[in-house]
Each structure stands twice: as structure tokens, then as C-alpha cells.
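Enquirer: Got a structure for you, questions after.
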Amino acid sequence: MTELLTTGLITAFIAGLLGGGHCIGMCGGIVSALTFALPPSRRHPLRIAVLMLTYNLGRITSYVLAGIIIGGLGQLLIGEIKAITQMLSWLAVLMLVLMAFYVGQWWTGLTRVEALGKYLWRYLEPLGRKLMPVQNPVQALLIGLIWGWLPCGLVYSMLLLALSSGSSLNGGLLMLAFGLGTLPTLLATGAAARQLTALLRQRLWRQMSALLLLGFAGWLAWPLIS
């Protein structure tokens, strides 16, 4: 494993972890649906945990699949045009900087990038709606597979990192690391979720997270300028 890939994996995981506030905003509704769609008599902690785990398994699987596809595309581009390697790497750094500005709420222009995925999403979203209310793990898994393609600037930033990774394998690994980073936020339920949401919305947390993401952007950029 190269040093650059190691740096990318750590960056992707931390980006998922620090982007928890955005994850709650994007996926909080479906997570709530998984929790409250069941009748109170069936709303046992174990059953809810299984639904949450299978939903997130599906979501992260879609991230990995997207990473494999995008990483493979990057490999083709790099193979055809050697000079494109550094350009893709700088683009990934730029997107990480823009994501830091978004998380810190210094600039929200990154949301415009999400419009790129709305064309595909308008076909996928109705399929997800048909699977609700969620009653079993299979439904939760299928919804997760669909919701993993939800237009999201945070995900797109990581996909650019996957594009510059140089291979399908590396792209899939980077998106797996990112998906695992998002898990703590999206697995939280009930009182824990409310407390976590309150923390992630605090101005100090957002700005500290943004500064850390800028630090990781610098970490990725250093090999490109040294």
C-alpha cells in the first residue's frame, strides 16, 4: 500500500466522521423511518439495530461500487494521459478544501455540485419510496443500496479522491473508508442521536472539523508540491 493511498484512506475516514452533521441532514429522514416505521410492539432494540446495520451495509456497498467504477475510470484516464494524474490529485485536494468550507459554513457553494446527481436520483428515489415503510432487513438493505446514490457533495468530494487513486481497488477502498467514517453518526438512535445532532450543529465543532479537513487537504497536497 503506497503512502499516498494510506493518506487517502485516513483522510476519507476522517472526512466521513467529521461530516456527520451533513450525513444527518441528508440521511436523517430515512434513519428515522427505519426506527419509527415499526409498530411500538415490534420496536425492540435488537430489531432496530438489525435494520440500521443492514441499511448502512447497503448504503456503504453503493459507495464502494461507485468508488470501484470511478477508480477504474481514473485508471483509464491516467493510463491514456500520464499528465492527468497530478491534475486529478489537485482536483481532489480542491474538493476537500471546498468540503471544509461547507462543513464550517464559510461557503455553501458545494451544494451546487449535488445538482449533478439529481438526474439519476429522480429515477432511483421512487424505487426507495416503494420499499417503505421498512418492515424487515431485506427492505432496509435495498433502501440502503438506493440511498447510497443520493446526491451529496460530501460523497462527490470523496469520489474525486477515488478518481485520482489510480485503480478500481483503491477507489473502492477509499469509499469503504469514507462509509465506515459515517457509521457512528448514522447508527446513533434515540436520545444518543439527539445529543450527537446537537453537538454536530455547534459552531465550534463545525469550525474545528473544517480546520481539520483543511489540514488533511494540506496533507494530500504536500506530496504534489514537494
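Chains: A, B, ... in order of the C-alpha cells. Residues: from 1 per chain. Ligands: from 1, in order shown.
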Among the residues of region 146-180 of chain A, find those DSSP assigns to helix (DSSP H, G or I) from the backbone and print them as number ranges by chain.
Expert: A: 146-147, 153-163, 168-180
Enquirer: Filtering to C-alpha atoms, could you give me those residues as a tab-separated table (two decimals), in the first residue's frame?
Expert:
chain	number	residue	atom	x	y	z
A	146	ILE	CA	-30.64	3.00	-3.31
A	147	TRP	CA	-29.96	5.78	-0.78
A	153	GLY	CA	-21.46	16.98	-2.13
A	154	LEU	CA	-19.60	15.16	0.63
A	155	VAL	CA	-19.78	11.87	-1.28
A	156	TYR	CA	-18.81	13.57	-4.54
A	157	SER	CA	-15.73	15.04	-2.87
A	158	MET	CA	-14.64	11.55	-1.87
A	159	LEU	CA	-15.40	10.20	-5.34
A	160	LEU	CA	-12.96	12.72	-6.78
A	161	LEU	CA	-10.39	11.34	-4.36
A	162	ALA	CA	-11.28	7.86	-5.67
A	163	LEU	CA	-10.91	9.14	-9.26
A	168	SER	CA	-10.71	0.36	-9.11
A	169	LEU	CA	-9.39	-1.38	-5.99
A	170	ASN	CA	-8.04	1.83	-4.49
A	171	GLY	CA	-11.25	3.69	-5.36
A	172	GLY	CA	-13.36	1.04	-3.65
A	173	LEU	CA	-11.14	1.05	-0.56
A	174	LEU	CA	-11.31	4.84	-0.27
A	175	MET	CA	-15.11	4.84	-0.42
A	176	LEU	CA	-15.22	1.97	2.10
A	177	ALA	CA	-13.09	4.04	4.49
A	178	PHE	CA	-15.38	7.03	3.97
A	179	GLY	CA	-18.52	4.94	4.55
A	180	LEU	CA	-17.12	3.48	7.77
Enquirer: What's around Leu94 (chain A) at 8 Å? Count only C-alpha atoms, leave out sequence neighbours fewer than 4 positions away in its own chain, and write the answer as a list in words.
Expert: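 These residues fall inside the cut-off: Trp90, Leu98 and Ala217 of chain A.
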Enquirer: Identify which of the residues A:Leu5, A:Leu145, A:Met87, A:Ala140 lies closest to Thr61 (chain A), counting only C-alpha atoms when measuring atom-to-atom distances.
Expert: A:Leu145
Enquirer: Given the choices A:Gly148, A:Thr54, A:Thr85, A:Leu110, which gets closest to Gly67 (chain A) if the distance is worked out from only C-alpha atoms?
Expert: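 Using only C-alpha atoms, the shortest distance to Gly67 (chain A) belongs to A:Gly148.
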Enquirer: Can you measure CA of Leu220 (chain A) to CA of Ala12 (chain A) for me? One decimal in Å is fine.
Expert: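 Between CA of Leu220 (chain A) and CA of Ala12 (chain A) the gap works out to 11.0 Å.
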Enquirer: If I take CA of Trp219 (chain A) and CA of Leu187 (chain A), how far is one from the other in Å, to one decimal?
Expert: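 If I compute the distance from CA of Trp219 (chain A) to CA of Leu187 (chain A), I get 29.1 Å.
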Enquirer: Rounded to one decimal place, report the CA of Tyr119 (chain A)-CA of Tyr102 (chain A) distance in Å.
Expert: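 The value is 22.8 Å.
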